[in-house]
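Coordinates from final_15.cif are shown below (mmCIF, C-alpha atoms).
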data_structure
#
loop_
_atom_site.group_PDB
_atom_site.id
_atom_site.type_symbol
_atom_site.label_atom_id
_atom_site.label_comp_id
_atom_site.auth_asym_id
_atom_site.auth_seq_id
_atom_site.Cartn_x
_atom_site.Cartn_y
_atom_site.Cartn_z
ATOM 1 C CA MET A 1 -39.258 38.086 26.965
ATOM 2 C CA ASN A 2 -37.488 34.789 27.626
ATOM 3 C CA ARG A 3 -38.747 31.408 26.436
ATOM 4 C CA LYS A 4 -40.360 30.652 29.800
ATOM 5 C CA GLU A 5 -42.446 33.823 29.594
ATOM 6 C CA TYR A 6 -43.298 33.025 25.970
ATOM 7 C CA LEU A 7 -44.542 29.555 26.915
ATOM 8 C CA VAL A 8 -46.642 30.929 29.785
ATOM 9 C CA LYS A 9 -48.150 33.538 27.440
ATOM 10 C CA HIS A 10 -48.706 30.916 24.727
ATOM 11 C CA LEU A 11 -50.533 28.480 27.018
ATOM 12 C CA ARG A 12 -52.526 31.224 28.778
ATOM 13 C CA GLU A 13 -53.846 32.266 25.375
ATOM 14 C CA ARG A 14 -55.138 28.706 25.012
ATOM 15 C CA GLY A 15 -56.971 28.878 28.339
ATOM 16 C CA TYR A 16 -54.389 27.210 30.594
ATOM 17 C CA HIS A 17 -53.876 28.533 34.131
ATOM 18 C CA HIS A 18 -50.269 29.084 35.179
ATOM 19 C CA ILE A 19 -49.759 27.862 38.753
ATOM 20 C CA GLU A 20 -46.933 29.699 40.478
ATOM 21 C CA ASP A 21 -47.645 28.707 44.077
ATOM 22 C CA ASP A 22 -49.857 26.235 45.861
ATOM 23 C CA VAL A 23 -50.472 24.770 49.308
ATOM 24 C CA TYR A 24 -47.978 21.902 48.883
ATOM 25 C CA ASP A 25 -45.324 24.010 47.099
ATOM 26 C CA ILE A 26 -45.498 21.658 44.118
ATOM 27 C CA ALA A 27 -44.884 24.507 41.641
ATOM 28 C CA LYS A 28 -41.838 25.636 43.625
ATOM 29 C CA ARG A 29 -40.495 22.083 43.913
ATOM 30 C CA ILE A 30 -40.946 21.573 40.159
ATOM 31 C CA SER A 31 -38.944 24.687 39.332
ATOM 32 C CA GLU A 32 -36.265 23.635 41.861
ATOM 33 C CA TYR A 33 -36.081 20.281 40.112
ATOM 34 C CA ASP A 34 -35.612 21.944 36.713
ATOM 35 C CA GLU A 35 -35.974 25.671 36.105
ATOM 36 C CA ASP A 36 -37.305 25.040 32.577
ATOM 37 C CA LEU A 37 -40.394 23.235 33.931
ATOM 38 C CA ILE A 38 -43.652 25.106 34.469
ATOM 39 C CA LEU A 39 -46.863 23.941 36.168
ATOM 40 C CA PHE A 40 -50.224 24.611 34.505
ATOM 41 C CA PHE A 41 -53.826 23.608 34.996
ATOM 42 C CA ASN A 42 -55.530 22.546 31.768
ATOM 43 C CA PRO A 43 -59.202 23.461 32.243
ATOM 44 C CA HIS A 44 -60.235 21.689 29.020
ATOM 45 C CA ILE A 45 -59.485 18.255 30.496
ATOM 46 C CA LYS A 46 -59.304 19.334 34.175
ATOM 47 C CA ARG A 47 -55.749 18.170 34.655
ATOM 48 C CA TYR A 48 -52.519 19.539 36.118
ATOM 49 C CA GLU A 49 -49.697 19.455 33.598
ATOM 50 C CA ILE A 50 -45.986 20.106 33.674
ATOM 51 C CA HIS A 51 -44.598 21.703 30.529
ATOM 52 C CA SER A 52 -40.997 22.382 29.564
ATOM 53 C CA CYS A 53 -39.819 25.568 27.890
ATOM 54 C CA THR A 54 -36.455 23.999 26.975
ATOM 55 C CA PHE A 55 -37.183 23.846 23.257
ATOM 56 C CA PHE A 56 -39.985 26.416 23.075
ATOM 57 C CA PRO A 57 -40.906 27.940 20.575
ATOM 58 C CA SER A 58 -39.872 25.043 18.337
ATOM 59 C CA SER A 59 -42.434 22.607 16.978
ATOM 60 C CA ARG A 60 -41.576 20.067 19.689
ATOM 61 C CA PRO A 61 -44.304 19.418 22.258
ATOM 62 C CA THR A 62 -43.845 21.089 25.628
ATOM 63 C CA TYR A 63 -45.963 18.615 27.657
ATOM 64 C CA CYS A 64 -44.000 16.430 30.077
ATOM 65 C CA VAL A 65 -46.406 14.761 32.529
ATOM 66 C CA GLY A 66 -49.828 15.339 34.022
ATOM 67 C CA SER A 67 -52.113 14.314 36.862
ATOM 68 C CA ASN A 68 -55.678 14.823 38.019
ATOM 69 C CA LYS A 69 -54.409 15.793 41.490
ATOM 70 C CA LEU A 70 -51.857 18.368 42.550
ATOM 71 C CA ASP A 71 -49.742 16.357 44.969
ATOM 72 C CA ALA A 72 -46.359 14.670 45.404
ATOM 73 C CA GLU A 73 -47.456 11.945 42.981
ATOM 74 C CA LEU A 74 -47.019 14.459 40.157
ATOM 75 C CA LEU A 75 -43.382 15.025 41.181
ATOM 76 C CA TYR A 76 -42.809 11.289 41.418
ATOM 77 C CA THR A 77 -44.289 10.788 37.940
ATOM 78 C CA LEU A 78 -42.025 13.535 36.620
ATOM 79 C CA ARG A 79 -38.937 11.892 38.101
ATOM 80 C CA MET A 80 -39.926 8.497 36.730
ATOM 81 C CA ALA A 81 -40.467 9.949 33.257
ATOM 82 C CA ASP A 82 -37.231 11.945 33.278
ATOM 83 C CA ASN A 83 -34.540 9.837 31.664
ATOM 84 C CA ARG A 84 -31.832 12.156 33.018
ATOM 85 C CA THR A 85 -32.324 11.021 36.619
ATOM 86 C CA GLU A 86 -31.464 7.902 38.518
ATOM 87 C CA TYR A 87 -35.148 6.972 38.894
ATOM 88 C CA GLY A 88 -35.266 3.967 36.600
ATOM 89 C CA PHE A 89 -32.690 5.228 34.105
ATOM 90 C CA LYS A 90 -29.699 3.505 35.700
ATOM 91 C CA GLU A 91 -31.674 0.290 36.101
ATOM 92 C CA LYS A 92 -32.807 0.433 32.478
ATOM 93 C CA MET A 93 -29.243 0.976 31.303
ATOM 94 C CA ASP A 94 -28.039 -1.898 33.522
ATOM 95 C CA ASP A 95 -30.728 -4.143 32.019
ATOM 96 C CA VAL A 96 -29.670 -3.204 28.497
ATOM 97 C CA GLU A 97 -26.014 -3.829 29.291
ATOM 98 C CA GLU A 98 -26.843 -7.134 30.974
ATOM 99 C CA SER A 99 -28.908 -8.298 27.998
ATOM 100 C CA ILE A 100 -26.047 -7.391 25.634
ATOM 101 C CA ILE A 101 -23.606 -9.396 27.768
ATOM 102 C CA ARG A 102 -26.026 -12.353 27.906
ATOM 103 C CA GLU A 103 -26.366 -12.247 24.108
ATOM 104 C CA GLU A 104 -22.577 -12.145 23.668
ATOM 105 C CA ILE A 105 -22.197 -15.146 26.003
ATOM 106 C CA ARG A 106 -24.943 -17.012 24.142
ATOM 107 C CA LYS A 107 -23.231 -16.374 20.803
ATOM 108 C CA LYS A 108 -19.843 -17.393 22.211
ATOM 109 C CA ASN A 109 -21.323 -20.616 23.599
ATOM 110 C CA ALA A 110 -23.029 -21.335 20.276
ATOM 111 C CA VAL A 111 -19.718 -20.896 18.426
ATOM 112 C CA GLU A 112 -17.951 -23.149 20.930
ATOM 113 C CA ASP A 113 -20.683 -25.790 20.545
ATOM 114 C CA VAL A 114 -20.312 -25.710 16.764
ATOM 115 C CA GLN A 115 -16.528 -25.941 17.083
ATOM 116 C CA LYS A 116 -16.771 -28.903 19.489
ATOM 117 C CA GLU A 117 -19.271 -30.637 17.207
ATOM 118 C CA ALA A 118 -17.017 -30.048 14.187
ATOM 119 C CA ALA A 119 -13.969 -31.394 16.050
ATOM 120 C CA LYS A 120 -15.936 -34.465 17.181
ATOM 121 C CA ASP A 121 -17.162 -35.045 13.627
ATOM 122 C CA ALA A 122 -13.619 -34.643 12.269
ATOM 123 C CA LYS A 123 -12.284 -37.219 14.783
ATOM 124 C CA GLN A 124 -14.976 -39.705 13.786
ATOM 125 C CA ARG A 125 -14.217 -39.222 10.096
ATOM 126 C CA LEU A 126 -10.503 -39.644 10.796
ATOM 127 C CA LYS A 127 -11.167 -42.887 12.695
ATOM 128 C CA MET A 128 -13.351 -44.177 9.865
ATOM 129 C CA LYS A 129 -10.699 -43.233 7.314
ATOM 130 C CA GLN A 130 -7.992 -44.971 9.356
ATOM 131 C CA HIS A 131 -10.212 -48.023 9.786
ATOM 132 C CA PHE A 132 -10.759 -48.363 6.036
ATOM 133 C CA ALA A 133 -7.097 -47.603 5.298
ATOM 134 C CA MET A 134 -5.952 -50.382 7.645
ATOM 135 C CA GLY A 135 -8.419 -52.951 6.543
#
Kindly return the structure encoded in the file as structure tokens.
Amino acid sequence: MNRKEYLVKHLRERGYHHIEDDVYDIAKRISEYDEDLILFFNPHIKRYEIHSCTFFPSSRPTYCVGSNKLDAELLYTLRMADNRTEYGFKEKMDDVEESIIREEIRKKNAVEDVQKEAAKDAKQRLKMKQHFAMG
């Protein structure tokens, strides 16, 4: 038995219904997206759930995403939650990189401001010193 079969057996023992095919081919499209993903119906909370057998049977949770309806929205939710895909991941990484660059620029500007203020203060002190030395 492979880990996928173990997960199916494990969740069936807990009352889940393994969905292998459906009218909209959601189960097929999920397994095409990632062969470690499996579609179940959880009768306890009346919800469709996608579980991953990637780390099964470790103590890590297998639940990925869920929905009350079996439709394309479930696939969209899966893609949005999957940090390996371009759906939001690239944008999030760009935002992080941009915020790091903004912070570096802010720090650089703060250092330059302090340096300018110190130079201005030094010039004024030098002028005052020269003024008193001459007078």
**OP:** Identify all residues satisfying the PyMOL selection byres ((chain A and resi 56-58) around 10) in the given file; provide them as number ranges by chain.
**Re:** A: 2-4, 6-7, 10, 36, 51-55, 59-62
**OP:** Figure out the distance between CA of Met80 in chain A and CA of Asp94 in chain A, please, to one decimal in Å.
**Re:** 16.1 Å
**OP:** Figure out the distance between CA of Leu39 in chain A and CA of Ala27 in chain A, please, to one decimal in Å.
**Re:** 5.8 Å
Subject >> CA of Cys64 in chain A to CA of Glu97 in chain A, distance in Å rounded to a single decimal >> reply: 27.1 Å
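Shortest atom-to-atom contact with Ser31 in chain A among A:Pro43, A:Ile50, A:Ser99, A:Ala118: A:Ile50, counting only C-alpha atoms.
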**OP:** Go through the shown structure with the PyMOL selection byres ((chain A and resi 41) around 10) and write out the matching residues as JSON, numbers by chain.
**Re:** {"A": [11, 12, 15, 16, 17, 18, 19, 39, 40, 42, 43, 44, 45, 46, 47, 48, 49, 50, 66, 67, 68, 70]}
Write out the residues from the selection above, keeping C-alpha atoms, as a CSV table (one decimal), in the frame of the given file.
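Result file out-v3.csv:
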chain,number,residue,atom,x,y,z
A,11,LEU,CA,-50.5,28.5,27.0
A,12,ARG,CA,-52.5,31.2,28.8
A,15,GLY,CA,-57.0,28.9,28.3
A,16,TYR,CA,-54.4,27.2,30.6
A,17,HIS,CA,-53.9,28.5,34.1
A,18,HIS,CA,-50.3,29.1,35.2
A,19,ILE,CA,-49.8,27.9,38.8
A,39,LEU,CA,-46.9,23.9,36.2
A,40,PHE,CA,-50.2,24.6,34.5
A,42,ASN,CA,-55.5,22.5,31.8
A,43,PRO,CA,-59.2,23.5,32.2
A,44,HIS,CA,-60.2,21.7,29.0
A,45,ILE,CA,-59.5,18.3,30.5
A,46,LYS,CA,-59.3,19.3,34.2
A,47,ARG,CA,-55.7,18.2,34.7
A,48,TYR,CA,-52.5,19.5,36.1
A,49,GLU,CA,-49.7,19.5,33.6
A,50,ILE,CA,-46.0,20.1,33.7
A,66,GLY,CA,-49.8,15.3,34.0
A,67,SER,CA,-52.1,14.3,36.9
A,68,ASN,CA,-55.7,14.8,38.0
A,70,LEU,CA,-51.9,18.4,42.6
Can you patch up range 11-26 of chain A, filling it in to N, CA and C atoms, and show the result as a PDB file, in the frame of the given file?
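Result file follows (rebuild_32.pdb):
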ATOM      1  N   LEU A  11     -49.536  29.388  26.442  1.00  0.00           N
ATOM      2  CA  LEU A  11     -50.533  28.480  27.018  1.00  0.00           C
ATOM      3  C   LEU A  11     -51.694  29.240  27.673  1.00  0.00           C
ATOM      4  N   ARG A  12     -51.429  30.414  28.220  1.00  0.00           N
ATOM      5  CA  ARG A  12     -52.526  31.224  28.778  1.00  0.00           C
ATOM      6  C   ARG A  12     -53.507  31.621  27.686  1.00  0.00           C
ATOM      7  N   GLU A  13     -52.978  31.917  26.502  1.00  0.00           N
ATOM      8  CA  GLU A  13     -53.846  32.266  25.375  1.00  0.00           C
ATOM      9  C   GLU A  13     -54.750  31.097  24.991  1.00  0.00           C
ATOM     10  N   ARG A  14     -54.348  29.898  25.311  1.00  0.00           N
ATOM     11  CA  ARG A  14     -55.138  28.706  25.012  1.00  0.00           C
ATOM     12  C   ARG A  14     -56.020  28.283  26.185  1.00  0.00           C
ATOM     13  N   GLY A  15     -56.071  29.117  27.219  1.00  0.00           N
ATOM     14  CA  GLY A  15     -56.971  28.878  28.339  1.00  0.00           C
ATOM     15  C   GLY A  15     -56.339  28.197  29.546  1.00  0.00           C
ATOM     16  N   TYR A  16     -55.066  27.850  29.468  1.00  0.00           N
ATOM     17  CA  TYR A  16     -54.389  27.210  30.594  1.00  0.00           C
ATOM     18  C   TYR A  16     -54.183  28.214  31.730  1.00  0.00           C
ATOM     19  N   HIS A  17     -54.138  27.701  32.967  1.00  0.00           N
ATOM     20  CA  HIS A  17     -53.876  28.533  34.131  1.00  0.00           C
ATOM     21  C   HIS A  17     -52.472  28.220  34.644  1.00  0.00           C
ATOM     22  N   HIS A  18     -51.636  29.260  34.675  1.00  0.00           N
ATOM     23  CA  HIS A  18     -50.269  29.084  35.179  1.00  0.00           C
ATOM     24  C   HIS A  18     -50.322  29.049  36.703  1.00  0.00           C
ATOM     25  N   ILE A  19     -49.767  27.999  37.299  1.00  0.00           N
ATOM     26  CA  ILE A  19     -49.759  27.862  38.753  1.00  0.00           C
ATOM     27  C   ILE A  19     -48.348  28.164  39.253  1.00  0.00           C
ATOM     28  N   GLU A  20     -48.241  29.283  39.983  1.00  0.00           N
ATOM     29  CA  GLU A  20     -46.933  29.699  40.478  1.00  0.00           C
ATOM     30  C   GLU A  20     -46.698  29.301  41.924  1.00  0.00           C
ATOM     31  N   ASP A  21     -47.782  29.184  42.698  1.00  0.00           N
ATOM     32  CA  ASP A  21     -47.645  28.707  44.077  1.00  0.00           C
ATOM     33  C   ASP A  21     -48.916  27.977  44.480  1.00  0.00           C
ATOM     34  N   ASP A  22     -48.741  27.059  45.415  1.00  0.00           N
ATOM     35  CA  ASP A  22     -49.857  26.235  45.861  1.00  0.00           C
ATOM     36  C   ASP A  22     -49.586  25.802  47.300  1.00  0.00           C
ATOM     37  N   VAL A  23     -50.555  25.162  47.901  1.00  0.00           N
ATOM     38  CA  VAL A  23     -50.472  24.770  49.308  1.00  0.00           C
ATOM     39  C   VAL A  23     -49.294  23.834  49.578  1.00  0.00           C
ATOM     40  N   TYR A  24     -49.032  22.898  48.676  1.00  0.00           N
ATOM     41  CA  TYR A  24     -47.978  21.902  48.883  1.00  0.00           C
ATOM     42  C   TYR A  24     -46.635  22.310  48.269  1.00  0.00           C
ATOM     43  N   ASP A  25     -46.548  23.516  47.755  1.00  0.00           N
ATOM     44  CA  ASP A  25     -45.324  24.010  47.099  1.00  0.00           C
ATOM     45  C   ASP A  25     -44.884  23.133  45.937  1.00  0.00           C
ATOM     46  N   ILE A  26     -45.829  22.523  45.258  1.00  0.00           N
ATOM     47  CA  ILE A  26     -45.498  21.658  44.118  1.00  0.00           C
ATOM     48  C   ILE A  26     -44.857  22.486  43.002  1.00  0.00           C
TER      49      ILE A  26
END
